[in-house]
file data-v4.pdb (PDB, C-alpha atoms and all ligand atoms)
MODEL        1
ATOM      1  CA  MET E 201    -140.738 -17.215-189.790
ATOM      2  CA  ASP E 202    -143.858 -15.765-191.356
ATOM      3  CA  ILE E 203    -144.807 -12.459-189.813
ATOM      4  CA  GLU E 204    -146.902 -11.149-192.674
ATOM      5  CA  GLY E 205    -150.528 -10.031-192.385
ATOM      6  CA  GLU E 206    -152.450 -11.391-189.420
ATOM      7  CA  ASP E 207    -149.436 -12.972-187.826
ATOM      8  CA  LYS E 208    -147.688  -9.624-187.728
ATOM      9  CA  GLN E 209    -150.600  -8.156-185.762
ATOM     10  CA  GLU E 210    -150.453 -11.033-183.355
ATOM     11  CA  VAL E 211    -146.744 -10.590-182.760
ATOM     12  CA  LYS E 212    -147.267  -6.914-182.046
ATOM     13  CA  GLU E 213    -150.179  -7.411-179.676
ATOM     14  CA  GLY E 214    -148.696 -10.422-177.999
ATOM     15  CA  SER E 215    -145.314  -8.823-177.445
ATOM     16  CA  ASN E 216    -144.421  -9.053-173.771
ATOM     17  CA  VAL E 217    -147.970  -8.980-172.315
ATOM     18  CA  LEU E 218    -148.583 -11.866-169.954
ATOM     19  CA  THR E 219    -150.747 -12.837-167.023
ATOM     20  CA  LEU E 220    -148.924 -12.724-163.701
ATOM     21  CA  ALA E 221    -149.265 -16.489-163.289
ATOM     22  CA  ASP E 222    -147.685 -17.153-166.697
ATOM     23  CA  PHE E 223    -144.941 -14.679-165.938
ATOM     24  CA  LEU E 224    -144.067 -16.215-162.573
ATOM     25  CA  GLU E 225    -144.289 -19.770-163.828
ATOM     26  CA  SER E 226    -142.479 -19.567-167.128
ATOM     27  CA  ILE E 227    -140.266 -16.488-167.516
ATOM     28  CA  PRO E 228    -136.609 -16.587-166.444
ATOM     29  CA  PRO E 229    -135.274 -13.619-164.419
ATOM     30  CA  ASN E 230    -134.000 -10.370-165.886
ATOM     31  CA  GLN E 231    -136.613  -9.492-168.508
ATOM     32  CA  PRO E 232    -139.258  -6.795-167.959
ATOM     33  CA  PHE E 233    -142.790  -7.782-169.003
ATOM     34  CA  LYS E 234    -146.146  -6.045-169.246
ATOM     35  CA  ILE E 235    -148.601  -7.867-166.995
ATOM     36  CA  SER E 236    -152.333  -7.721-167.675
ATOM     37  CA  ASP E 237    -153.459  -8.636-164.131
ATOM     38  CA  LEU E 238    -150.705  -7.313-161.905
ATOM     39  CA  SER E 239    -152.800  -5.707-159.161
ATOM     40  CA  LYS E 240    -156.227  -5.636-157.568
ATOM     41  CA  ILE E 241    -157.998  -2.955-155.531
ATOM     42  CA  THR E 242    -158.339  -3.913-151.880
ATOM     43  CA  TYR E 243    -159.566  -2.061-148.798
ATOM     44  CA  ARG E 244    -157.022  -1.989-145.968
ATOM     45  CA  SER E 245    -158.720  -1.247-142.691
ATOM     46  CA  ASN E 246    -155.433  -0.464-140.930
ATOM     47  CA  LEU E 247    -154.797   2.245-143.544
ATOM     48  CA  ALA E 248    -158.484   3.166-143.842
ATOM     49  CA  ARG E 249    -158.218   3.376-147.621
ATOM     50  CA  TYR E 250    -158.234   1.417-150.837
ATOM     51  CA  VAL E 251    -154.876   0.279-152.196
ATOM     52  CA  ASP E 252    -153.568  -1.450-155.302
ATOM     53  CA  GLU E 253    -152.023  -4.644-154.020
ATOM     54  CA  ILE E 254    -150.167  -7.157-156.124
ATOM     55  CA  CYS E 255    -152.211 -10.173-157.193
ATOM     56  CA  THR E 256    -151.021 -13.515-155.888
ATOM     57  CA  PRO E 257    -152.492 -16.046-158.298
ATOM     58  CA  GLU E 258    -152.299 -19.769-157.696
ATOM     59  CA  LEU E 259    -149.354 -21.203-159.641
ATOM     60  CA  GLN E 260    -148.609 -24.578-161.093
ATOM     61  CA  LEU E 261    -144.962 -25.421-160.445
ATOM     62  CA  HIS E 262    -142.879 -28.555-160.331
ATOM     63  CA  CYS E 263    -142.650 -29.870-156.771
ATOM     64  CA  PRO E 264    -139.563 -32.079-156.318
ATOM     65  CA  SER E 265    -140.564 -33.507-152.902
ATOM     66  CA  ASP E 266    -140.829 -37.291-152.514
ATOM     67  CA  VAL E 267    -144.559 -37.008-151.917
ATOM     68  CA  CYS E 268    -145.247 -34.913-155.028
ATOM     69  CA  ASN E 269    -142.483 -35.181-157.643
ATOM     70  CA  GLY E 270    -144.527 -33.489-160.369
ATOM     71  CA  PRO E 271    -146.512 -30.344-161.187
ATOM     72  CA  ARG E 272    -148.550 -29.145-158.205
ATOM     73  CA  PHE E 273    -150.501 -26.062-157.204
ATOM     74  CA  PHE E 274    -148.567 -23.539-155.153
ATOM     75  CA  ARG E 275    -150.281 -20.771-153.169
ATOM     76  CA  CYS E 276    -148.852 -17.516-151.878
ATOM     77  CA  ILE E 277    -148.219 -17.517-148.119
ATOM     78  CA  ASN E 278    -147.274 -13.829-147.708
ATOM     79  CA  GLN E 279    -149.102 -12.414-144.666
ATOM     80  CA  SER E 280    -150.315  -9.524-146.771
ATOM     81  CA  ALA E 281    -149.757  -8.761-150.433
ATOM     82  CA  PRO E 282    -147.361  -5.837-151.054
ATOM     83  CA  ILE E 283    -148.925  -2.555-152.205
ATOM     84  CA  LEU E 284    -147.960  -1.218-155.647
ATOM     85  CA  THR E 285    -147.802   2.341-156.926
ATOM     86  CA  GLN E 286    -147.502   3.965-160.299
ATOM     87  CA  GLN E 287    -144.694   6.348-159.314
ATOM     88  CA  SER E 288    -141.889   3.849-159.036
ATOM     89  CA  TYR E 289    -140.954   0.212-158.901
ATOM     90  CA  LYS E 290    -141.754  -1.582-155.687
ATOM     91  CA  PHE E 291    -139.178  -4.229-154.752
ATOM     92  CA  LEU E 292    -140.820  -7.184-153.071
ATOM     93  CA  TYR E 293    -140.783 -10.879-152.283
ATOM     94  CA  LEU E 294    -143.580 -13.360-152.827
ATOM     95  CA  THR E 295    -143.324 -16.710-151.079
ATOM     96  CA  TYR E 296    -145.286 -19.646-152.458
ATOM     97  CA  ARG E 297    -145.821 -23.086-150.920
ATOM     98  CA  CYS E 298    -146.891 -26.374-152.465
ATOM     99  CA  SER E 299    -150.514 -26.950-151.537
ATOM    100  CA  ASN E 300    -150.114 -30.687-151.681
ATOM    101  CA  CYS E 301    -147.103 -31.534-149.506
ATOM    102  CA  GLN E 302    -147.172 -28.171-147.678
ATOM    103  CA  ASN E 303    -143.421 -28.407-147.627
ATOM    104  CA  THR E 304    -141.755 -27.126-150.811
ATOM    105  CA  THR E 305    -141.507 -23.352-151.118
ATOM    106  CA  LYS E 306    -140.635 -21.020-153.958
ATOM    107  CA  VAL E 307    -139.593 -17.408-153.364
ATOM    108  CA  PHE E 308    -139.800 -14.766-156.083
ATOM    109  CA  SER E 309    -137.915 -11.489-155.865
ATOM    110  CA  LEU E 310    -139.710  -8.932-158.010
ATOM    111  CA  ALA E 311    -139.783  -5.303-159.041
ATOM    112  CA  ALA E 312    -143.334  -4.252-159.923
ATOM    113  CA  GLN E 313    -145.108  -1.072-160.902
ATOM    114  CA  ILE E 314    -148.703  -0.439-161.959
ATOM    115  CA  ASP E 315    -149.543   1.598-165.066
ATOM    116  CA  GLU E 316    -152.184   3.679-163.285
ATOM    117  CA  GLU E 317    -153.943   3.681-159.926
ATOM    118  CA  LYS E 318    -157.007   1.407-159.819
ATOM    119  CA  GLU E 319    -155.850  -0.298-162.996
ATOM    120  CA  ALA E 320    -154.940  -3.970-163.080
ATOM    121  CA  SER E 321    -152.110  -3.739-165.586
ATOM    122  CA  GLY E 322    -148.474  -2.918-164.960
ATOM    123  CA  GLU E 323    -144.904  -3.979-165.451
ATOM    124  CA  CYS E 324    -143.005  -6.685-163.654
ATOM    125  CA  PHE E 325    -139.364  -7.650-163.557
ATOM    126  CA  LYS E 326    -138.125 -10.845-161.946
ATOM    127  CA  LEU E 327    -134.921 -10.191-160.025
ATOM    128  CA  GLY E 328    -134.560 -13.798-159.090
ATOM    129  CA  GLU E 329    -136.184 -16.867-157.624
ATOM    130  CA  LEU E 330    -135.263 -19.585-155.162
ATOM    131  CA  PRO E 331    -134.910 -22.439-155.990
ATOM    132  CA  PRO E 332    -133.612 -21.055-159.317
ATOM    133  CA  PHE E 333    -135.839 -20.872-162.376
ATOM    134  CA  GLY E 334    -135.928 -23.815-164.710
ATOM    135  CA  PRO E 335    -137.899 -26.829-165.808
ATOM    136  CA  PRO E 336    -136.881 -29.975-163.909
ATOM    137  CA  THR E 337    -134.247 -32.170-165.517
ATOM    138  CA  PRO E 338    -135.507 -35.768-165.624
ATOM    139  CA  SER E 339    -133.254 -38.075-163.589
ATOM    140  CA  ARG E 340    -133.202 -40.544-166.501
ATOM    141  CA  LEU E 341    -131.618 -37.892-168.698
ATOM    142  CA  ILE E 342    -128.947 -37.250-166.072
ATOM    143  CA  THR E 343    -128.211 -40.984-165.905
ATOM    144  CA  LEU E 344    -127.974 -41.156-169.690
ATOM    145  CA  ILE E 345    -125.541 -38.254-169.862
ATOM    146  CA  GLY E 346    -123.318 -39.896-167.248
ATOM    147  CA  PRO E 347    -119.919 -38.241-166.895
ATOM    148  CA  ASP E 348    -121.023 -35.049-168.692
ATOM    149  CA  ARG E 349    -123.576 -34.240-166.019
ATOM    150  CA  ASP E 350    -121.817 -31.111-164.734
ATOM    151  CA  THR E 351    -121.242 -29.668-168.203
ATOM    152  CA  PHE E 352    -124.858 -30.358-169.113
ATOM    153  CA  LEU E 353    -126.165 -28.663-165.963
ATOM    154  CA  LYS E 354    -124.000 -25.618-166.665
ATOM    155  CA  GLY E 355    -125.656 -25.406-170.084
ATOM    156  CA  ARG E 356    -129.021 -25.783-168.443
ATOM    157  CA  ARG E 357    -128.295 -22.892-166.086
ATOM    158  CA  CYS E 358    -127.266 -20.678-169.023
ATOM    159  CA  GLU E 359    -130.415 -21.604-170.923
ATOM    160  CA  ASN E 360    -132.590 -20.846-167.918
ATOM    161  CA  GLN E 361    -131.148 -17.358-167.743
ATOM    162  CA  GLY E 362    -131.740 -16.689-171.401
ATOM    163  CA  LEU E 363    -128.051 -17.061-172.291
ATOM    164  CA  GLY E 364    -128.601 -19.141-175.411
ATOM    165  CA  ILE E 365    -125.131 -19.007-176.911
ATOM    166  CA  GLY E 366    -123.514 -19.846-173.590
ATOM    167  CA  ALA E 367    -125.845 -22.826-173.280
ATOM    168  CA  PHE E 368    -125.047 -23.875-176.845
ATOM    169  CA  ILE E 369    -121.311 -24.052-176.095
ATOM    170  CA  TYR E 370    -121.852 -26.325-173.092
ATOM    171  CA  TYR E 371    -124.366 -28.519-174.934
ATOM    172  CA  ARG E 372    -121.989 -28.861-177.882
ATOM    173  CA  ARG E 373    -119.287 -30.047-175.548
ATOM    174  CA  VAL E 374    -121.724 -32.624-174.122
ATOM    175  CA  VAL E 375    -122.646 -33.855-177.607
ATOM    176  CA  GLU E 376    -118.986 -34.143-178.600
ATOM    177  CA  ASN E 377    -118.116 -36.068-175.450
ATOM    178  CA  GLN E 378    -121.135 -38.307-175.943
ATOM    179  CA  LYS E 379    -120.000 -38.977-179.504
ATOM    180  CA  ASN E 380    -116.731 -40.334-178.143
ATOM    181  CA  ARG E 381    -118.468 -42.371-175.468
ATOM    182  CA  ILE E 382    -120.771 -43.955-178.045
ATOM    183  CA  LEU E 383    -117.932 -44.600-180.503
ATOM    184  CA  SER E 384    -115.859 -46.207-177.737
ATOM    185  CA  GLU E 385    -118.747 -48.567-177.006
ATOM    186  CA  ILE E 386    -119.082 -49.378-180.712
ATOM    187  CA  ILE E 387    -115.349 -50.160-180.869
ATOM    188  CA  LYS E 388    -115.721 -52.516-177.895
ATOM    189  CA  VAL E 389    -118.504 -54.388-179.696
ATOM    190  CA  SER E 390    -116.588 -54.391-182.977
ATOM    191  CA  GLU E 391    -113.543 -55.959-181.337
ATOM    192  CA  LYS E 392    -115.668 -58.573-179.651
ATOM    193  CA  ILE E 393    -117.450 -59.654-182.824
ATOM    194  CA  GLY E 394    -114.222 -59.577-184.851
ATOM    195  CA  VAL E 395    -114.873 -56.725-187.271
ATOM    196  CA  LYS E 396    -111.987 -56.128-189.691
ATOM    197  CA  LYS E 397    -109.111 -54.044-188.447
ATOM    198  CA  ALA E 398    -109.559 -51.209-190.938
ATOM    199  CA  SER E 399    -113.050 -50.503-189.615
ATOM    200  CA  ILE E 400    -111.831 -50.373-186.044
ATOM    201  CA  GLU E 401    -109.056 -48.012-187.067
ATOM    202  CA  ALA E 402    -111.634 -45.823-188.814
ATOM    203  CA  LEU E 403    -113.752 -45.694-185.654
ATOM    204  CA  LYS E 404    -110.709 -44.763-183.617
ATOM    205  CA  SER E 405    -109.844 -41.943-186.012
ATOM    206  CA  ALA E 406    -113.443 -40.715-185.732
ATOM    207  CA  ILE E 407    -112.865 -40.295-181.988
ATOM    208  CA  ASP E 408    -109.787 -38.182-182.687
ATOM    209  CA  GLU E 409    -111.640 -36.045-185.233
ATOM    210  CA  THR E 410    -112.777 -32.839-183.527
ATOM    211  CA  GLN E 411    -115.239 -31.842-186.221
ATOM    212  CA  PHE E 412    -118.488 -33.561-185.403
ATOM    213  CA  SER E 413    -119.854 -33.971-188.944
ATOM    214  CA  LYS E 414    -116.524 -35.265-190.261
ATOM    215  CA  ALA E 415    -116.333 -37.763-187.425
ATOM    216  CA  LEU E 416    -119.770 -39.090-188.302
ATOM    217  CA  THR E 417    -118.828 -39.450-191.965
ATOM    218  CA  ILE E 418    -115.765 -41.467-190.980
ATOM    219  CA  ALA E 419    -117.701 -43.609-188.515
ATOM    220  CA  LYS E 420    -120.809 -44.353-190.514
ATOM    221  CA  ASP E 421    -119.225 -46.895-192.871
ATOM    222  CA  ALA E 422    -117.253 -48.547-190.116
ATOM    223  CA  ILE E 423    -120.128 -49.360-187.784
ATOM    224  CA  PRO E 424    -120.666 -53.141-187.666
ATOM    225  CA  GLU E 425    -123.811 -54.269-189.456
ATOM    226  CA  SER E 426    -125.187 -56.069-186.436
ATOM    227  CA  LEU E 427    -125.561 -52.722-184.678
ATOM    228  CA  LEU E 428    -127.575 -51.133-187.464
ATOM    229  CA  ILE E 429    -131.336 -50.904-187.310
ATOM    230  CA  ASN E 430    -132.807 -51.307-190.807
TER     231      ASN E 430
HETATM  232 ZN    ZN E 501    -145.285 -30.682-153.015
ENDMDL
END
call {"tool": "encode", "arguments": {"input": "data-v4.pdb", "output": "structure tokens"}}
result
Amino acid sequence: MDIEGEDKQEVKEGSNVLTLADFLESIPPNQPFKISDLSKITYRSNLARYVDEICTPELQLHCPSDVCNGPRFFRCINQSAPILTQQSYKFLYLTYRCSNCQNTTKVFSLAAQIDEEKEASGECFKLGELPPFGPPTPSRLITLIGPDRDTFLKGRRCENQGLGIGAFIYYRRVVENQKNRILSEIIKVSEKIGVKKASIEALKSAIDETQFSKALTIAKDAIPESLLIN
């Protein structure tokens, strides 16, 4: 990665400063971020004073309902926005609802603190969200993965919580299992079209090989020509 010159500046300035909407939409829980537009000054007549209340920007989130099934605008339905201070973190919930189907909700559990009174900026930490954070997994992908669905979804959950290495281990297991599924299908075809025995044996030994790259080396010469594209 090139972080010389201008890029370096950008990395420094861009480090961890987000708009609240970007933060809520795209950051998994458990990482503190500087937010440029965390609060706004509002007059509360019941308190007879001005307060810094948390902003509740419109969000674009995936709505899984039958009516929507895609990205939709969600709006905050809290009765009143929680008030923030600069002394300490305020722990709060924001509830959002899909503006299209009026049915799907998303709840964020946050810790938030403003930098200074009457200033928009501050820090925010996502304690959690319900339904859990994560881009939707296309149903076609789930179908394709077949029996490895549960392992794949475990990897997905790790990834969504920023646990990259954990995710990697699950995904690797999926890839290895898929390798064997694909090779088994190739063997079925090979037997049907009468490929020579040695090739079928080679494919079978590729299934037994635990090292992925070795298995591919073994398999690549044994794959029947009719299955090759160009
Ligand atoms: Zn919806």
call {"tool": "resolve_selection", "arguments": {"input": "data-v4.pdb", "expression": "the PyMOL selection byres (((not hetatm)) within 6 of (chain E and resi 501))", "output": "JSON, numbers by chain"}}
result
{"E": [263, 265, 268, 298, 300, 301, 304]}
call {"tool": "residues_near_point", "arguments": {"input": "data-v4.pdb", "point": "(-143.0, -15.4, -172.2)", "cutoff": "10 Å", "atoms": "only C-alpha atoms", "output": "list in words"}}
result
Gly214, Ser215, Asn216, Val217, Leu218, Thr219, Asp222, Phe223, Leu224, Glu225, Ser226, Ile227, Pro228, Gln231 and Phe233 of chain E
call {"tool": "residues_around", "arguments": {"input": "data-v4.pdb", "residues": "stretch 394-410 of chain E", "least_positions_apart": "5", "cutoff": "8 Å", "atoms": "all atoms listed in the file", "output": "list in words"}}
result
Lys379, Asn380, Leu383, Ser384, Ile387, Ala415, Leu416, Ile418, Ala419, Asp421, Ala422, Ile423 and Pro424 of chain E
call {"tool": "resolve_selection", "arguments": {"input": "data-v4.pdb", "expression": "the PyMOL selection byres (((chain E and resi 237) around 8) and not hetatm)", "output": "compact mmCIF listing (two decimals) with C-alpha atoms, keeping the file's coordinate frame"}}
result
# COMPACT_ATOMS: atom_id res chain seq x y z
CA THR E 219 -150.75 -12.84 -167.02
CA LEU E 220 -148.92 -12.72 -163.70
CA ILE E 235 -148.60 -7.87 -167.00
CA SER E 236 -152.33 -7.72 -167.68
CA LEU E 238 -150.71 -7.31 -161.90
CA SER E 239 -152.80 -5.71 -159.16
CA LYS E 240 -156.23 -5.64 -157.57
CA CYS E 255 -152.21 -10.17 -157.19
CA ALA E 320 -154.94 -3.97 -163.08
CA SER E 321 -152.11 -3.74 -165.59
CA GLY E 322 -148.47 -2.92 -164.96
call {"tool": "residues_near_point", "arguments": {"input": "data-v4.pdb", "point": "(-135.1, -21.1, -164.2)", "cutoff": "9 Å", "atoms": "all atoms listed in the file", "output": "PDB file with C-alpha atoms, in the frame of the given file"}}
result
ATOM      1  CA  SER E 226    -142.479 -19.567-167.128  1.00  0.00           C
ATOM      2  CA  ILE E 227    -140.266 -16.488-167.516  1.00  0.00           C
ATOM      3  CA  PRO E 228    -136.609 -16.587-166.444  1.00  0.00           C
ATOM      4  CA  PRO E 229    -135.274 -13.619-164.419  1.00  0.00           C
ATOM      5  CA  GLY E 328    -134.560 -13.798-159.090  1.00  0.00           C
ATOM      6  CA  GLU E 329    -136.184 -16.867-157.624  1.00  0.00           C
ATOM      7  CA  PRO E 331    -134.910 -22.439-155.990  1.00  0.00           C
ATOM      8  CA  PRO E 332    -133.612 -21.055-159.317  1.00  0.00           C
ATOM      9  CA  PHE E 333    -135.839 -20.872-162.376  1.00  0.00           C
ATOM     10  CA  GLY E 334    -135.928 -23.815-164.710  1.00  0.00           C
ATOM     11  CA  PRO E 335    -137.899 -26.829-165.808  1.00  0.00           C
ATOM     12  CA  ARG E 356    -129.021 -25.783-168.443  1.00  0.00           C
ATOM     13  CA  ARG E 357    -128.295 -22.892-166.086  1.00  0.00           C
ATOM     14  CA  GLU E 359    -130.415 -21.604-170.923  1.00  0.00           C
ATOM     15  CA  ASN E 360    -132.590 -20.846-167.918  1.00  0.00           C
ATOM     16  CA  GLN E 361    -131.148 -17.358-167.743  1.00  0.00           C
TER      17      GLN E 361
END
call {"tool": "atom_distance", "arguments": {"input": "data-v4.pdb", "atom1": "atom CA of E:Gly346", "atom2": "atom CA of E:Phe368"}}
result
18.8 Å
call {"tool": "residues_around", "arguments": {"input": "data-v4.pdb", "residues": "E:Cys324", "least_positions_apart": "2", "cutoff": "7 Å", "atoms": "only C-alpha atoms", "output": "list in words"}}
result
Pro232, Phe233, Lys234, Ile235, Leu310, Ala311, Ala312, Gln313, Gly322 and Lys326 of chain E
call {"tool": "closest_residue", "arguments": {"input": "data-v4.pdb", "among": "E:Lys392, E:Arg340, E:Lys306, E:Lys290", "to": "E:Asp252", "atoms": "all atoms listed in the file"}}
result
E:Lys290
